[in-house]
Amino acid sequence: MGVTEIKERQFNEIDKKALEQIDLLIKNSGMPIMRDLKTNNLLWVDVRELTQRFMIPIGRIYKFFDQLSKGKIIGTKCPKCGSIYFPPQDDCTKCKVSGLDVIELSGEGELLTYTIITVKPVSFMHYQDYIVGIARLKEGINILAWVNEKPEDVKVGMKVKVNITKREPEGYFTYELRKIQ
Amino acid sequence: MVDVAIVGTGHSKFGNRTDVNLQELAWEAVKQALEESNLDQKDIDMFVVGNAGGWSSESLSAIVIGEYCNLAPKGTMRVEAACATGSAALRIAYQAIKAGDAKIAMVIGAEQMHQSPNLVAVEMMGRAGNYFWEFENFGLTFPGYYALYATRRMAKFGMKEEDLGEIAIKNHYYGSFNPYAMFQKQIKMDEYMKSRVVAYPLKVYDACPITDGAAAVILASEEVAKKITDSPVWVASQGFKSGTANLSKRDDFISIDAARLATEEAYKKAKIDFENSWRYFDVAEVHDCFTIAEIMAYEDLGFAKRGEGHLLAREEQTYIGGKIPVNVDGGLKAKGHPIGATGVSMAVSIARQLLYRAHKGTQVEVKNGMGITHNVGGTGHYAYVTIFSLKKPSA
Ligand SMILES: [Zn+2]
């Protein structure tokens, strides 16, 4: 299933309902005006919808995505002060140096904390409840990702590893945390 | 340096305010503040609007509000510091007066979150972390960010869900006496424990609601303050700091670093000893967008030792009559959290407490003549700590 199909299945239904409601309101009173269900207050229902999809420049750190699609997780390292950056960045803003080195991360660490998201944002409605955790890797940096384990198997302090995976149903490469048995 | 005082306060009813639009809502607070200080719009040199924005239809909120409230053509700007927006707006006005650029300045905090549907609200707040690395792929929600702190503290300090519940119960208790509060119903521990989980371990009753509301304060230089009122409430000091957008870039998940640093700055300026800070204040307003946030605030303000904030709650030491009364207006939890208005609302609450004008059932005993507000933006992205006093700071 691609992004288009997901969008159609999940969100068009919400959009369609909203639009139908506006049509109905205008048909009934000649105005897009409704009453709030709880308070009976009068509300104008905006007829100009705003949807936005951002175009985020990633050229400076493209090597991260390139490596991710090859099954590797990388950070960047400043050749001058040795700082390791994750999420990766191409500028060491401490030393004011650019074009940092790429380092492959061990991907092994310990789970610092986690939560289980049960009330999801609209754009995540098509997923099951998910666990978000933060792990501290051996390199001393933290990584935030989904913990793909059963909730009862997840504990603060447990050993975890970063695993490269495809995010389904969209099918793009991302990373997750898994328990080390 | 010029001292700065609050000479007028205004506060709208917080809640699901679908009976008014954003500018009409702001006017309720502005009108009250003008009447209270006996000032007219022409007396105001400048006005600052705290409005986080994105929730309501008008994008240039300061202008829409200024036009409606008859404050134009006085100079203005919209200020944003996420949930600490109101305190940031107060800072701008405070600094303008300190710098001699204005003698009387109005701070207006307003937010109408109900203009956006609930589903969109969850999405918008989630996007307020680091968008690309934490939301785009991992869908963290706002309760989710704070839940990460709660999980860590439960594992590390033996804090229990019931300890969080104590905060919710206290704040709903005081909310029930505040006619401006969104929720005026008291709750019990079993209701708290049974409420739906939104982001484990946080439940519906751990979270503040989505709220519409406005608050206003009028600040004046010492020179004119004395002519306007015989009961000025002075801004004694303010500390402000910032944190990381990426939660993963933080060290440990037990304290809001930015809030602790802002506290140290404010205490240093006001010559307050961190270890004994609670002895200086009669009342505190802290940022309880989630119950866990209030517990961390106790520690970040020095009211409790690190890792012991939940014990202060367990012992009910933050009720009136306890060690230090906290959020006795209901807090964000029961009063509501209209993002841009919150920091201003906190200032209004403290000023009215110090002047013995708090609502029945919520008035503390004023012994030291000092109160404090702790206002965190995002999940520790911004932090503003402000100290208010009946005594002139330079005196
Ligand atoms: Zn460097």
# chains A, B, ... in the order shown; residues from 1 in each chain; ligands from 1
call {"tool": "residues_around", "arguments": {"residues": "Pro232 in chain B", "least_positions_apart": "3", "cutoff": "12 Å", "atoms": "only C-alpha atoms", "output": "number ranges by chain"}}
result
B: 3-9, 36-37, 217-229, 235-236, 351-352, 354-355, 369, 388-393
call {"tool": "interface_residues", "arguments": {"of": "chain A", "to": "chain B", "cutoff": "10 Å", "atoms": "only C-alpha atoms", "output": "PyMOL selection string"}}
result
chain A and resi 35-36+38-46+56+85-87+111-125+129-136+140-146+155-157+167+174-176
call {"tool": "residues_near_ligand", "arguments": {"ligand": "ligand 1", "cutoff": "12 Å", "atoms": "only C-alpha atoms and all ligand atoms", "output": "MDAnalysis selection string"}}
result
chainID A and resid 76:85 89:101
call {"tool": "write_last_selection", "arguments": {"atoms": "C-alpha atoms", "output": "compact mmCIF listing (two decimals), in the first residue's frame"}}
result
# COMPACT_ATOMS: atom_id res chain seq x y z
CA THR A 76 28.56 12.36 12.10
CA LYS A 77 31.79 13.15 13.93
CA CYS A 78 33.73 16.38 14.12
CA PRO A 79 37.36 15.82 13.03
CA LYS A 80 38.48 18.68 15.26
CA CYS A 81 36.75 18.15 18.64
CA GLY A 82 35.48 14.60 18.24
CA SER A 83 31.83 15.44 19.00
CA ILE A 84 29.40 12.82 17.69
CA TYR A 85 26.11 14.04 16.31
CA GLN A 89 24.37 17.18 11.10
CA ASP A 90 27.09 18.41 8.77
CA ASP A 91 28.22 21.39 10.86
CA CYS A 92 30.04 21.22 14.18
CA THR A 93 28.59 24.41 15.56
CA LYS A 94 30.94 24.23 18.54
CA CYS A 95 34.11 24.43 16.40
CA LYS A 96 32.44 26.13 13.43
CA VAL A 97 33.70 23.33 11.18
CA SER A 98 31.65 21.86 8.31
CA GLY A 99 31.77 18.63 6.29
CA LEU A 100 31.93 16.30 9.27
CA ASP A 101 33.11 12.66 9.07
call {"tool": "closest_residue", "arguments": {"among": "B:Met46, B:Ala168, B:Ala258, B:Ala96", "to": "Gly75 in chain B", "atoms": "only C-alpha atoms"}}
result
B:Met46
call {"tool": "atom_distance", "arguments": {"atom1": "CA of Gly2 in chain A", "atom2": "CA of Ile74 in chain A"}}
result
26.8 Å
call {"tool": "atom_distance", "arguments": {"atom1": "CA of Gly109 in chain B", "atom2": "CA of Gly343 in chain B"}}
result
7.6 Å
call {"tool": "atom_distance", "arguments": {"atom1": "CA of Asp40 in chain B", "atom2": "CA of Leu71 in chain B"}}
result
9.6 Å
call {"tool": "closest_residue", "arguments": {"among": "B:Arg314, B:Asp282, B:Pro209, B:Ile387", "to": "Asn368 in chain B", "atoms": "only C-alpha atoms"}}
result
B:Asp282
call {"tool": "residues_around", "arguments": {"residues": "Ile339 in chain B", "least_positions_apart": "2", "cutoff": "8 Å", "atoms": "only C-alpha atoms", "output": "list in words"}}
result
Asn51, Ala52, Ala82, Cys83, Ala84, Thr85, Gly86, Ala110, Glu111, His337, Ala341 and Thr342 of chain B
call {"tool": "write_last_selection", "arguments": {"atoms": "N, CA, C and O atoms", "output": "mmCIF file, in the first residue's frame"}}
result
data_model
loop_
_atom_site.group_PDB
_atom_site.id
_atom_site.type_symbol
_atom_site.label_atom_id
_atom_site.label_comp_id
_atom_site.auth_asym_id
_atom_site.auth_seq_id
_atom_site.Cartn_x
_atom_site.Cartn_y
_atom_site.Cartn_z
ATOM 1 N N ASN B 51 0.453 35.046 21.817
ATOM 2 C CA ASN B 51 -0.476 34.172 21.113
ATOM 3 C C ASN B 51 0.383 33.176 20.343
ATOM 4 O O ASN B 51 1.104 33.554 19.427
ATOM 5 N N ALA B 52 0.345 31.935 20.766
ATOM 6 C CA ALA B 52 1.213 30.938 20.131
ATOM 7 C C ALA B 52 0.803 30.755 18.675
ATOM 8 O O ALA B 52 1.644 30.535 17.809
ATOM 9 N N ALA B 82 5.939 29.062 22.718
ATOM 10 C CA ALA B 82 5.094 27.886 22.954
ATOM 11 C C ALA B 82 4.205 28.133 24.167
ATOM 12 O O ALA B 82 3.604 29.195 24.281
ATOM 13 N N CYS B 83 4.188 27.203 25.110
ATOM 14 C CA CYS B 83 3.281 27.315 26.255
ATOM 15 C C CYS B 83 3.740 28.405 27.227
ATOM 16 O O CYS B 83 3.017 28.761 28.153
ATOM 17 N N ALA B 84 4.962 28.934 27.035
ATOM 18 C CA ALA B 84 5.463 30.016 27.886
ATOM 19 C C ALA B 84 5.275 31.369 27.206
ATOM 20 O O ALA B 84 5.826 32.384 27.645
ATOM 21 N N THR B 85 4.493 31.394 26.146
ATOM 22 C CA THR B 85 4.247 32.608 25.373
ATOM 23 C C THR B 85 3.819 33.794 26.242
ATOM 24 O O THR B 85 4.322 34.908 26.073
ATOM 25 N N GLY B 86 2.924 33.554 27.186
ATOM 26 C CA GLY B 86 2.419 34.635 28.031
ATOM 27 C C GLY B 86 3.516 35.274 28.858
ATOM 28 O O GLY B 86 3.578 36.497 29.009
ATOM 29 N N ALA B 110 -3.717 35.537 24.734
ATOM 30 C CA ALA B 110 -5.004 35.018 24.250
ATOM 31 C C ALA B 110 -4.781 33.818 23.346
ATOM 32 O O ALA B 110 -3.824 33.789 22.569
ATOM 33 N N GLU B 111 -5.640 32.837 23.469
ATOM 34 C CA GLU B 111 -5.573 31.677 22.577
ATOM 35 C C GLU B 111 -6.959 31.088 22.472
ATOM 36 O O GLU B 111 -7.669 30.973 23.472
ATOM 37 N N HIS B 337 -5.471 25.521 29.829
ATOM 38 C CA HIS B 337 -4.166 25.943 29.316
ATOM 39 C C HIS B 337 -4.297 26.527 27.908
ATOM 40 O O HIS B 337 -3.894 25.908 26.932
ATOM 41 N N ALA B 341 -2.217 32.470 26.651
ATOM 42 C CA ALA B 341 -2.752 33.204 27.803
ATOM 43 C C ALA B 341 -2.189 32.707 29.129
ATOM 44 O O ALA B 341 -2.190 33.442 30.124
ATOM 45 N N THR B 342 -1.699 31.474 29.148
ATOM 46 C CA THR B 342 -1.314 30.825 30.399
ATOM 47 C C THR B 342 -0.347 31.628 31.274
ATOM 48 O O THR B 342 -0.610 31.831 32.454
#
call {"tool": "closest_residue", "arguments": {"among": "B:Tyr356, B:Tyr131, B:Gly309, B:Pro325", "to": "Gly158 in chain B", "atoms": "only C-alpha atoms"}}
result
B:Gly309
call {"tool": "select_by_dssp", "arguments": {"residues": "range 116-351 of chain B", "states": "strand (DSSP E or B)", "output": "ChimeraX atom specification"}}
result
/B:197-200,202-203,207,212-221,233-242,283-286,290,326
call {"tool": "select_by_dssp", "arguments": {"residues": "range 49-129 of chain A", "states": "alpha helix (DSSP H)", "output": "list in words"}}
result
Tyr62, Lys63, Phe64, Phe65, Asp66, Gln67 and Leu68 of chain A
call {"tool": "residues_around", "arguments": {"residues": "Leu105 in chain A", "least_positions_apart": "3", "cutoff": "9 Å", "atoms": "only C-alpha atoms", "output": "tab-separated table (two decimals) with N, CA and C atoms, in the first residue's frame"}}
result
chain	number	residue	atom	x	y	z
A	72	LYS	N	22.43	0.55	7.09
A	72	LYS	CA	23.39	1.02	8.11
A	72	LYS	C	22.88	2.29	8.76
A	73	ILE	N	23.20	2.43	10.06
A	73	ILE	CA	22.83	3.67	10.75
A	73	ILE	C	24.10	4.43	11.08
A	74	ILE	N	24.14	5.67	10.64
A	74	ILE	CA	25.35	6.47	10.85
A	74	ILE	C	25.07	7.74	11.65
A	75	GLY	N	26.13	8.26	12.25
A	75	GLY	CA	26.10	9.58	12.85
A	75	GLY	C	27.20	10.38	12.18
A	108	GLU	N	24.02	-0.33	19.56
A	108	GLU	CA	23.68	-1.05	20.80
A	108	GLU	C	23.66	-0.12	21.99
A	137	LEU	N	23.10	4.96	23.35
A	137	LEU	CA	24.01	4.04	22.67
A	137	LEU	C	25.40	4.06	23.33
A	138	LYS	N	26.18	3.03	23.02
A	138	LYS	CA	27.54	2.91	23.59
A	138	LYS	C	28.37	4.17	23.36
A	139	GLU	N	28.13	4.83	22.22
A	139	GLU	CA	28.89	6.04	21.87
A	139	GLU	C	28.54	7.22	22.77
